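Structure file query.csv with CSV, C-alpha atoms and all ligand atoms:
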chain,number,residue,atom,x,y,z
A,1,MET,CA,-8.9,-20.6,21.2
A,2,ASN,CA,-8.4,-21.7,24.8
A,3,ILE,CA,-11.1,-22.9,27.1
A,4,ILE,CA,-11.3,-19.7,29.2
A,5,GLU,CA,-11.8,-17.6,26.1
A,6,GLU,CA,-14.4,-20.1,24.9
A,7,ASN,CA,-16.2,-19.9,28.2
A,8,ILE,CA,-16.3,-16.1,28.2
A,9,ILE,CA,-17.6,-16.0,24.6
A,10,GLN,CA,-20.2,-18.6,25.4
A,11,LEU,CA,-21.3,-16.6,28.5
A,12,GLN,CA,-21.4,-13.3,26.7
A,13,LYS,CA,-24.1,-14.8,24.4
A,14,ASN,CA,-26.4,-15.0,27.4
A,15,ILE,CA,-25.6,-11.6,28.9
A,16,PRO,CA,-27.4,-8.4,27.6
A,17,ALA,CA,-25.1,-5.5,26.8
A,18,ASN,CA,-26.2,-3.5,29.8
A,19,VAL,CA,-25.1,-6.2,32.3
A,20,LYS,CA,-21.4,-6.2,33.3
A,21,LEU,CA,-19.7,-9.5,33.6
A,22,ILE,CA,-17.3,-9.7,36.6
A,23,ALA,CA,-14.9,-12.7,36.2
A,24,VAL,CA,-14.4,-14.1,39.7
A,25,SER,CA,-10.7,-15.2,39.7
A,26,LYS,CA,-10.4,-16.0,43.4
A,27,PHE,CA,-8.0,-19.0,44.0
A,28,LYS,CA,-6.8,-18.8,40.4
A,29,PRO,CA,-3.2,-17.9,39.7
A,30,ALA,CA,-2.3,-14.6,37.9
A,31,SER,CA,-1.4,-16.6,34.7
A,32,VAL,CA,-5.0,-17.7,34.4
A,33,VAL,CA,-6.3,-14.2,34.9
A,34,LYS,CA,-4.0,-13.1,32.2
A,35,GLU,CA,-5.6,-15.6,29.8
A,36,ALA,CA,-9.0,-14.1,30.4
A,37,TYR,CA,-7.6,-10.6,30.1
A,38,LEU,CA,-6.1,-11.5,26.7
A,39,ALA,CA,-9.6,-12.8,25.7
A,40,GLY,CA,-10.9,-9.2,26.4
A,41,GLN,CA,-12.1,-9.6,29.9
A,42,TYR,CA,-11.1,-6.5,32.0
A,43,ASP,CA,-13.3,-6.8,35.2
A,44,PHE,CA,-12.2,-9.3,37.8
A,45,GLY,CA,-13.6,-10.1,41.2
A,46,GLU,CA,-11.6,-11.3,44.2
A,47,ASN,CA,-12.5,-12.1,47.8
A,48,LYS,CA,-9.2,-11.8,49.7
A,49,ALA,CA,-7.3,-8.5,50.0
A,50,GLN,CA,-3.8,-10.0,49.8
A,51,GLU,CA,-4.5,-12.3,46.9
A,52,MET,CA,-6.1,-9.4,44.9
A,53,THR,CA,-3.2,-7.1,45.7
A,54,GLU,CA,-0.6,-9.6,44.5
A,55,LYS,CA,-2.5,-10.1,41.3
A,56,TYR,CA,-2.9,-6.4,40.8
A,57,GLN,CA,0.8,-5.9,41.2
A,58,SER,CA,1.8,-8.6,38.6
A,59,LEU,CA,-0.9,-7.9,36.0
A,60,PRO,CA,-1.7,-5.1,33.4
A,61,LYS,CA,-2.9,-1.9,35.1
A,62,ASP,CA,-6.0,-1.5,32.9
A,63,ILE,CA,-7.6,-4.4,34.8
A,64,GLN,CA,-10.6,-3.3,37.0
A,65,TRP,CA,-10.5,-5.0,40.4
A,66,HIS,CA,-13.8,-5.6,42.2
A,67,PHE,CA,-13.7,-6.7,45.8
A,68,ILE,CA,-16.6,-9.2,46.5
A,69,GLY,CA,-15.8,-10.9,49.8
A,70,HIS,CA,-16.0,-10.1,53.4
A,71,LEU,CA,-13.5,-7.4,54.0
A,72,GLN,CA,-11.9,-7.0,57.4
A,73,THR,CA,-11.2,-3.4,58.4
A,74,ASN,CA,-7.5,-4.0,58.9
A,75,LYS,CA,-7.2,-5.2,55.3
A,76,VAL,CA,-8.9,-2.1,53.7
A,77,LYS,CA,-5.5,-0.3,53.4
A,78,TYR,CA,-4.1,-2.9,50.9
A,79,ILE,CA,-6.8,-2.4,48.3
A,80,ILE,CA,-7.8,1.2,48.5
A,81,PRO,CA,-5.0,2.6,46.3
A,82,TYR,CA,-6.3,0.7,43.2
A,83,VAL,CA,-9.7,-1.0,43.8
A,84,THR,CA,-12.4,-0.2,41.3
A,85,MET,CA,-15.4,-1.1,43.4
A,86,ILE,CA,-16.1,-2.8,46.7
A,87,HIS,CA,-19.3,-4.8,46.3
A,88,SER,CA,-19.3,-6.2,49.8
A,89,VAL,CA,-19.7,-3.4,52.3
A,90,ASP,CA,-21.5,-5.2,55.1
A,91,SER,CA,-21.1,-2.9,58.1
A,92,MET,CA,-21.1,0.8,59.0
A,93,LYS,CA,-17.7,0.4,60.6
A,94,LEU,CA,-16.2,-1.0,57.4
A,95,LEU,CA,-17.7,1.9,55.3
A,96,GLY,CA,-16.2,4.4,57.8
A,97,GLU,CA,-12.8,2.8,57.4
A,98,ILE,CA,-13.1,2.7,53.6
A,99,ASN,CA,-13.9,6.4,53.7
A,100,SER,CA,-11.0,7.4,55.9
A,101,LEU,CA,-8.4,5.4,53.9
A,102,SER,CA,-9.9,6.7,50.6
A,103,GLU,CA,-9.4,10.2,52.0
A,104,LYS,CA,-5.8,9.5,52.8
A,105,ASN,CA,-5.3,8.1,49.3
A,106,LYS,CA,-7.1,11.2,47.8
A,107,ARG,CA,-9.6,8.9,46.2
A,108,ILE,CA,-13.4,8.5,46.0
A,109,VAL,CA,-14.1,4.8,46.1
A,110,ASP,CA,-17.2,3.2,44.6
A,111,CYS,CA,-19.1,0.9,47.0
A,112,LEU,CA,-22.1,-1.3,47.0
A,113,ILE,CA,-24.2,-2.1,50.1
A,114,GLN,CA,-24.4,-5.8,50.7
A,115,PHE,CA,-27.7,-7.0,51.8
A,116,HIS,CA,-28.4,-10.3,53.6
A,117,ILE,CA,-31.1,-11.8,51.4
A,118,ALA,CA,-30.4,-15.5,51.8
A,119,THR,CA,-32.1,-17.8,54.3
A,120,GLU,CA,-28.7,-19.1,55.5
A,121,GLU,CA,-27.3,-17.6,58.7
A,122,SER,CA,-23.7,-17.5,57.5
A,123,LYS,CA,-23.9,-15.0,54.7
A,124,PHE,CA,-22.7,-11.4,55.6
A,125,GLY,CA,-24.8,-8.3,54.9
A,126,PHE,CA,-27.0,-5.6,56.2
A,127,SER,CA,-30.7,-5.8,56.9
A,128,PHE,CA,-32.8,-3.0,55.4
A,129,ASP,CA,-33.3,-1.3,58.7
A,130,GLU,CA,-29.6,-1.2,59.4
A,131,VAL,CA,-29.0,0.5,56.1
A,132,GLU,CA,-31.6,3.1,56.7
A,133,THR,CA,-30.1,3.8,60.1
A,134,MET,CA,-26.7,4.2,58.5
A,135,LEU,CA,-27.8,6.4,55.7
A,136,GLU,CA,-29.7,8.7,58.1
A,137,SER,CA,-26.8,9.0,60.6
A,138,SER,CA,-24.8,12.2,60.9
A,139,GLU,CA,-21.5,10.4,60.4
A,140,PHE,CA,-22.6,9.1,57.0
A,141,GLN,CA,-23.3,12.6,55.8
A,142,LEU,CA,-19.7,13.5,56.5
A,143,TRP,CA,-18.2,10.7,54.4
A,144,LYS,CA,-17.1,12.4,51.2
A,145,ASN,CA,-14.7,9.8,50.0
A,146,ILE,CA,-17.1,7.0,49.3
A,147,ARG,CA,-19.7,6.8,46.6
A,148,ILE,CA,-22.6,4.4,47.1
A,149,CYS,CA,-23.3,3.0,43.6
A,150,GLY,CA,-26.0,0.4,44.5
A,151,VAL,CA,-26.6,-2.9,46.2
A,152,MET,CA,-25.2,-6.4,46.2
A,153,GLY,CA,-26.5,-9.7,47.5
A,154,MET,CA,-26.1,-13.5,47.3
A,155,ALA,CA,-29.0,-15.9,47.1
A,156,THR,CA,-29.4,-19.0,49.2
A,157,PHE,CA,-27.2,-21.9,48.0
A,158,SER,CA,-30.1,-24.0,46.8
A,159,ASP,CA,-31.8,-25.8,43.8
A,160,ASN,CA,-35.0,-24.0,44.6
A,161,GLN,CA,-35.3,-21.6,41.7
A,162,ASN,CA,-38.4,-19.9,43.3
A,163,LEU,CA,-36.5,-19.2,46.5
A,164,ILE,CA,-33.6,-17.7,44.6
A,165,ARG,CA,-35.9,-15.6,42.4
A,166,SER,CA,-37.7,-14.3,45.4
A,167,GLU,CA,-34.5,-13.3,47.1
A,168,PHE,CA,-33.3,-11.4,43.9
A,169,LYS,CA,-36.7,-9.7,43.8
A,170,THR,CA,-36.2,-8.6,47.4
A,171,LEU,CA,-32.8,-7.1,46.5
A,172,LYS,CA,-34.3,-5.3,43.5
A,173,LYS,CA,-37.0,-3.9,45.8
A,174,TYR,CA,-34.4,-2.7,48.3
A,175,PHE,CA,-32.5,-1.0,45.5
A,176,LEU,CA,-35.6,0.8,44.3
A,177,THR,CA,-36.6,1.9,47.8
A,178,LEU,CA,-33.1,3.3,48.5
A,179,LYS,CA,-33.0,5.0,45.1
A,180,ASN,CA,-36.3,6.7,45.7
A,181,HIS,CA,-35.6,7.8,49.3
A,182,TYR,CA,-31.9,8.6,49.4
A,183,PHE,CA,-30.3,8.6,45.9
A,184,THR,CA,-33.0,10.1,43.6
A,185,ASP,CA,-30.6,12.8,42.2
A,186,GLN,CA,-27.6,10.5,42.0
A,187,SER,CA,-27.2,8.9,38.6
A,188,SER,CA,-24.3,6.8,39.9
A,189,PHE,CA,-26.6,4.9,42.2
A,190,LYS,CA,-27.6,2.3,39.5
A,191,GLU,CA,-26.0,-1.0,40.2
A,192,ILE,CA,-27.5,-4.3,41.3
A,193,SER,CA,-24.7,-6.9,41.7
A,194,MET,CA,-26.4,-10.3,41.9
A,195,GLY,CA,-26.0,-13.7,40.2
A,196,MET,CA,-23.3,-16.3,40.1
A,197,THR,CA,-22.6,-19.4,37.9
A,198,ASP,CA,-25.7,-21.3,39.0
A,199,ASP,CA,-28.2,-18.5,39.2
A,200,TYR,CA,-27.1,-15.7,36.9
A,201,LEU,CA,-29.9,-16.1,34.4
A,202,ILE,CA,-32.5,-15.6,37.1
A,203,ALA,CA,-30.5,-12.6,38.4
A,204,ILE,CA,-30.5,-11.0,34.9
A,205,ASP,CA,-34.2,-11.7,34.6
A,206,GLU,CA,-34.7,-9.9,37.9
A,207,GLY,CA,-32.7,-6.8,37.0
A,208,ALA,CA,-29.0,-7.5,37.8
A,209,THR,CA,-26.6,-4.9,36.3
A,210,MET,CA,-23.5,-6.8,37.3
A,211,ILE,CA,-23.1,-10.6,37.6
A,212,ARG,CA,-20.2,-12.3,39.3
A,213,ILE,CA,-19.1,-15.5,37.7
A,214,GLY,CA,-16.3,-17.8,38.6
A,215,SER,CA,-16.6,-21.5,37.9
A,216,ALA,CA,-18.4,-21.1,34.5
A,217,ILE,CA,-15.3,-19.2,33.3
A,218,PHE,CA,-12.3,-20.8,35.2
A,219,GLY,CA,-13.7,-24.2,36.2
A,220,SER,CA,-14.0,-25.4,39.7
A,221,ARG,CA,-11.5,-24.1,42.3
A,222,THR,CA,-9.4,-25.2,45.2
A,223,PRO,CA,-7.7,-22.6,47.4
A,224,LEU,CA,-4.2,-21.4,46.4
A,225,LYS,CA,-3.1,-21.3,50.0
A,226,ASN,CA,-4.8,-21.4,53.4
A,227,ALA,CA,-6.3,-17.9,53.5
B,1,LIG,C1,-17.1,-17.1,44.6
B,1,LIG,C2,-18.0,-16.0,44.4
B,1,LIG,C3,-18.7,-15.8,43.2
B,1,LIG,C4,-18.6,-16.7,42.0
B,1,LIG,O1,-19.1,-18.0,42.3
B,1,LIG,P1,-19.3,-19.1,41.1
B,1,LIG,O2,-20.4,-19.9,41.6
B,1,LIG,O3,-18.0,-19.8,40.9
B,1,LIG,O4,-19.7,-18.3,39.8
B,1,LIG,C5,-19.6,-14.7,43.1
B,1,LIG,N1,-19.8,-13.9,44.2
B,1,LIG,C6,-19.2,-14.1,45.3
B,1,LIG,C7,-19.4,-13.1,46.4
B,1,LIG,C8,-18.3,-15.1,45.5
B,1,LIG,O5,-17.6,-15.2,46.7
What does the file become when written as structure tokens?
Ligand SMILES: *Cc1c(COP(=O)(O)O)cnc(C)c1O
Amino acid sequence: MNIIEENIIQLQKNIPANVKLIAVSKFKPASVVKEAYLAGQYDFGENKAQEMTEKYQSLPKDIQWHFIGHLQTNKVKYIIPYVTMIHSVDSMKLLGEINSLSEKNKRIVDCLIQFHIATEESKFGFSFDEVETMLESSEFQLWKNIRICGVMGMATFSDNQNLIRSEFKTLKKYFLTLKNHYFTDQSSFKEISMGMTDDYLIAIDEGATMIRIGSAIFGSRTPLKNA
């Protein structure tokens, strides 16, 4: 058994059956993704449109590709034909662009709303008010080629477990409020994407349905190229 397969098996022991493991393969070459695939891992997360598209092209077509990074509107076109879910919708402009390209591609693309839950300035994401404004806008009502499946967030990069836990609790609270006000009759609104290598156990504890794990599967990473 290779190390990647061992890591996946080890992780799965800590992950309840109702939580989906997304293997974050950013910066790792396609050959390494293939090893994880052969170990039975079918969901992968990437944060660069071009890198994900190159891997999509060279790898088996039953892989599910999740986009998890900041997505520029001019890069949406590369991933729309094949992407499984965009976790990182962080502006109304981006969601509008995803909708129009999905329409062109005759697809309905699954999206998560990324909330800014961390104390750090640099992380992308909506505030709760911004999301309400978007969901109540007349434009949003016209967007038929996107399906909002839930929420996503990243906790502060910190050793403070209480801080991380409280941020995940906030995300769960946002999820429930949106579910009750806007998505009550939509069974597809059900995902909470939170938790990474260092905080996934807390995230599961706080209700994550998807966790995004890179280094615990693939080891530490260095960029493949300057992207
Ligand atoms: C890189 C990344 C991850 C995975 O991080 P690890 O700490 O390596 O598990 C998860 N989510 C997002 C949004 C990322 O960019």
Close residues, A:Ile213 itself excluded, 6 Å, only C-alpha atoms, min 5 positions apart in chain, as an NGL selection string | :A and (23-24 or 196-197)
Only C-alpha atoms, please: the residues just picked out, written as a short mmCIF file (atom, residue, chain, number, x, y, z; two decimals), keeping the file's coordinate frame.
data_model
loop_
_atom_site.label_atom_id
_atom_site.label_comp_id
_atom_site.auth_asym_id
_atom_site.auth_seq_id
_atom_site.Cartn_x
_atom_site.Cartn_y
_atom_site.Cartn_z
CA ALA A 23 -14.90 -12.70 36.20
CA VAL A 24 -14.40 -14.10 39.70
CA MET A 196 -23.30 -16.30 40.10
CA THR A 197 -22.60 -19.40 37.90
#
Once you count all atoms listed in the file, which residues end up within 10 Å of ligand LIG 1 (chain B), and could you hand them over as a ChimeraX atom specification?
-> /A:22-27,45-48,67-70,87-88,114,123-124,152-155,157,193-200,211-221
Convert the current residue selection to file output with C-alpha atoms, as a compact mmCIF listing (two decimals), in the frame of the given file.
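After the write, again.txt holds the following:
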# COMPACT_ATOMS: atom_id res chain seq x y z
CA ILE A 22 -17.30 -9.70 36.60
CA ALA A 23 -14.90 -12.70 36.20
CA VAL A 24 -14.40 -14.10 39.70
CA SER A 25 -10.70 -15.20 39.70
CA LYS A 26 -10.40 -16.00 43.40
CA PHE A 27 -8.00 -19.00 44.00
CA GLY A 45 -13.60 -10.10 41.20
CA GLU A 46 -11.60 -11.30 44.20
CA ASN A 47 -12.50 -12.10 47.80
CA LYS A 48 -9.20 -11.80 49.70
CA PHE A 67 -13.70 -6.70 45.80
CA ILE A 68 -16.60 -9.20 46.50
CA GLY A 69 -15.80 -10.90 49.80
CA HIS A 70 -16.00 -10.10 53.40
CA HIS A 87 -19.30 -4.80 46.30
CA SER A 88 -19.30 -6.20 49.80
CA GLN A 114 -24.40 -5.80 50.70
CA LYS A 123 -23.90 -15.00 54.70
CA PHE A 124 -22.70 -11.40 55.60
CA MET A 152 -25.20 -6.40 46.20
CA GLY A 153 -26.50 -9.70 47.50
CA MET A 154 -26.10 -13.50 47.30
CA ALA A 155 -29.00 -15.90 47.10
CA PHE A 157 -27.20 -21.90 48.00
CA SER A 193 -24.70 -6.90 41.70
CA MET A 194 -26.40 -10.30 41.90
CA GLY A 195 -26.00 -13.70 40.20
CA MET A 196 -23.30 -16.30 40.10
CA THR A 197 -22.60 -19.40 37.90
CA ASP A 198 -25.70 -21.30 39.00
CA ASP A 199 -28.20 -18.50 39.20
CA TYR A 200 -27.10 -15.70 36.90
CA ILE A 211 -23.10 -10.60 37.60
CA ARG A 212 -20.20 -12.30 39.30
CA ILE A 213 -19.10 -15.50 37.70
CA GLY A 214 -16.30 -17.80 38.60
CA SER A 215 -16.60 -21.50 37.90
CA ALA A 216 -18.40 -21.10 34.50
CA ILE A 217 -15.30 -19.20 33.30
CA PHE A 218 -12.30 -20.80 35.20
CA GLY A 219 -13.70 -24.20 36.20
CA SER A 220 -14.00 -25.40 39.70
CA ARG A 221 -11.50 -24.10 42.30
For each of A:Ile9, A:Ala36, A:Ile15, A:Ile146, take the minimum atom-to-atom distance to A:Ile113, counting only C-alpha atoms, then give the residue where this is smallest.
->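 For A:Ile113, the nearest of the candidates is A:Ile146.
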From the list A:Lys61, A:Ile3, A:Thr53, A:Val19, the nearest residue to A:Glu35 using all atoms listed in the file is A:Ile3
All heavy atoms are needed for stretch 186-197 of chain A; please write them out as a PDB file, in the coordinates of the input.
ATOM      1  N   GLN A 186     -28.909  11.032  42.273  1.00  0.00           N
ATOM      2  CA  GLN A 186     -27.600  10.500  42.000  1.00  0.00           C
ATOM      3  C   GLN A 186     -27.572   9.440  40.953  1.00  0.00           C
ATOM      4  O   GLN A 186     -27.918   8.292  41.202  1.00  0.00           O
ATOM      5  CB  GLN A 186     -26.973   9.940  43.326  1.00  0.00           C
ATOM      6  CG  GLN A 186     -26.534  11.035  44.294  1.00  0.00           C
ATOM      7  CD  GLN A 186     -25.872  10.458  45.517  1.00  0.00           C
ATOM      8  OE1 GLN A 186     -25.073   9.537  45.407  1.00  0.00           O
ATOM      9  NE2 GLN A 186     -26.194  10.996  46.676  1.00  0.00           N
ATOM     10  N   SER A 187     -27.151   9.839  39.744  1.00  0.00           N
ATOM     11  CA  SER A 187     -27.200   8.900  38.600  1.00  0.00           C
ATOM     12  C   SER A 187     -26.223   7.737  38.823  1.00  0.00           C
ATOM     13  O   SER A 187     -26.378   6.689  38.211  1.00  0.00           O
ATOM     14  CB  SER A 187     -26.909   9.615  37.318  1.00  0.00           C
ATOM     15  OG  SER A 187     -25.663  10.256  37.409  1.00  0.00           O
ATOM     16  N   SER A 188     -25.234   7.919  39.686  1.00  0.00           N
ATOM     17  CA  SER A 188     -24.300   6.800  39.900  1.00  0.00           C
ATOM     18  C   SER A 188     -24.841   5.717  40.782  1.00  0.00           C
ATOM     19  O   SER A 188     -24.266   4.626  40.840  1.00  0.00           O
ATOM     20  CB  SER A 188     -22.995   7.389  40.563  1.00  0.00           C
ATOM     21  OG  SER A 188     -23.326   8.203  41.663  1.00  0.00           O
ATOM     22  N   PHE A 189     -25.963   5.975  41.443  1.00  0.00           N
ATOM     23  CA  PHE A 189     -26.600   4.900  42.200  1.00  0.00           C
ATOM     24  C   PHE A 189     -27.460   4.091  41.214  1.00  0.00           C
ATOM     25  O   PHE A 189     -28.622   4.420  40.941  1.00  0.00           O
ATOM     26  CB  PHE A 189     -27.481   5.451  43.334  1.00  0.00           C
ATOM     27  CG  PHE A 189     -28.025   4.386  44.254  1.00  0.00           C
ATOM     28  CD1 PHE A 189     -27.310   3.978  45.367  1.00  0.00           C
ATOM     29  CD2 PHE A 189     -29.246   3.774  44.001  1.00  0.00           C
ATOM     30  CE1 PHE A 189     -27.802   2.985  46.220  1.00  0.00           C
ATOM     31  CE2 PHE A 189     -29.750   2.771  44.838  1.00  0.00           C
ATOM     32  CZ  PHE A 189     -29.023   2.385  45.952  1.00  0.00           C
ATOM     33  N   LYS A 190     -26.870   3.046  40.633  1.00  0.00           N
ATOM     34  CA  LYS A 190     -27.600   2.300  39.500  1.00  0.00           C
ATOM     35  C   LYS A 190     -27.252   0.843  39.471  1.00  0.00           C
ATOM     36  O   LYS A 190     -27.806   0.150  38.628  1.00  0.00           O
ATOM     37  CB  LYS A 190     -27.199   2.988  38.209  1.00  0.00           C
ATOM     38  CG  LYS A 190     -25.726   2.931  37.854  1.00  0.00           C
ATOM     39  CD  LYS A 190     -25.488   3.612  36.498  1.00  0.00           C
ATOM     40  CE  LYS A 190     -24.042   3.837  36.150  1.00  0.00           C
ATOM     41  NZ  LYS A 190     -23.189   2.642  36.087  1.00  0.00           N
ATOM     42  N   GLU A 191     -26.401   0.342  40.361  1.00  0.00           N
ATOM     43  CA  GLU A 191     -26.000  -1.000  40.200  1.00  0.00           C
ATOM     44  C   GLU A 191     -26.665  -2.031  41.122  1.00  0.00           C
ATOM     45  O   GLU A 191     -26.905  -1.750  42.298  1.00  0.00           O
ATOM     46  CB  GLU A 191     -24.439  -1.149  40.477  1.00  0.00           C
ATOM     47  CG  GLU A 191     -23.563  -0.206  39.665  1.00  0.00           C
ATOM     48  CD  GLU A 191     -23.559  -0.488  38.159  1.00  0.00           C
ATOM     49  OE1 GLU A 191     -24.195  -1.479  37.735  1.00  0.00           O
ATOM     50  OE2 GLU A 191     -22.937   0.297  37.430  1.00  0.00           O
ATOM     51  N   ILE A 192     -26.984  -3.180  40.538  1.00  0.00           N
ATOM     52  CA  ILE A 192     -27.500  -4.300  41.300  1.00  0.00           C
ATOM     53  C   ILE A 192     -26.573  -5.498  40.977  1.00  0.00           C
ATOM     54  O   ILE A 192     -26.625  -6.042  39.871  1.00  0.00           O
ATOM     55  CB  ILE A 192     -28.948  -4.652  40.972  1.00  0.00           C
ATOM     56  CG1 ILE A 192     -29.840  -3.418  41.166  1.00  0.00           C
ATOM     57  CG2 ILE A 192     -29.440  -5.820  41.842  1.00  0.00           C
ATOM     58  CD1 ILE A 192     -31.310  -3.646  40.789  1.00  0.00           C
ATOM     59  N   SER A 193     -25.701  -5.834  41.923  1.00  0.00           N
ATOM     60  CA  SER A 193     -24.700  -6.900  41.700  1.00  0.00           C
ATOM     61  C   SER A 193     -25.311  -8.187  42.300  1.00  0.00           C
ATOM     62  O   SER A 193     -25.352  -8.371  43.517  1.00  0.00           O
ATOM     63  CB  SER A 193     -23.413  -6.529  42.404  1.00  0.00           C
ATOM     64  OG  SER A 193     -22.513  -7.622  42.455  1.00  0.00           O
ATOM     65  N   MET A 194     -25.819  -9.045  41.420  1.00  0.00           N
ATOM     66  CA  MET A 194     -26.400 -10.300  41.900  1.00  0.00           C
ATOM     67  C   MET A 194     -26.295 -11.357  40.772  1.00  0.00           C
ATOM     68  O   MET A 194     -26.377 -11.022  39.594  1.00  0.00           O
ATOM     69  CB  MET A 194     -27.819 -10.165  42.388  1.00  0.00           C
ATOM     70  CG  MET A 194     -28.842  -9.676  41.385  1.00  0.00           C
ATOM     71  SD  MET A 194     -30.456  -9.403  42.195  1.00  0.00           S
ATOM     72  CE  MET A 194     -31.482  -9.003  40.756  1.00  0.00           C
ATOM     73  N   GLY A 195     -26.114 -12.615  41.173  1.00  0.00           N
ATOM     74  CA  GLY A 195     -26.000 -13.700  40.200  1.00  0.00           C
ATOM     75  C   GLY A 195     -24.627 -14.262  40.105  1.00  0.00           C
ATOM     76  O   GLY A 195     -23.666 -13.506  39.992  1.00  0.00           O
ATOM     77  N   MET A 196     -24.545 -15.599  40.192  1.00  0.00           N
ATOM     78  CA  MET A 196     -23.300 -16.300  40.100  1.00  0.00           C
ATOM     79  C   MET A 196     -23.471 -17.431  39.049  1.00  0.00           C
ATOM     80  O   MET A 196     -24.473 -17.438  38.337  1.00  0.00           O
ATOM     81  CB  MET A 196     -22.914 -16.905  41.471  1.00  0.00           C
ATOM     82  CG  MET A 196     -22.948 -15.825  42.531  1.00  0.00           C
ATOM     83  SD  MET A 196     -22.783 -16.267  44.285  1.00  0.00           S
ATOM     84  CE  MET A 196     -21.794 -17.723  44.336  1.00  0.00           C
ATOM     85  N   THR A 197     -22.508 -18.345  38.945  1.00  0.00           N
ATOM     86  CA  THR A 197     -22.600 -19.400  37.900  1.00  0.00           C
ATOM     87  C   THR A 197     -23.939 -20.079  37.841  1.00  0.00           C
ATOM     88  O   THR A 197     -24.505 -20.247  36.764  1.00  0.00           O
ATOM     89  CB  THR A 197     -21.448 -20.406  38.097  1.00  0.00           C
ATOM     90  OG1 THR A 197     -20.203 -19.747  37.849  1.00  0.00           O
ATOM     91  CG2 THR A 197     -21.595 -21.588  37.143  1.00  0.00           C
TER      92      THR A 197
END
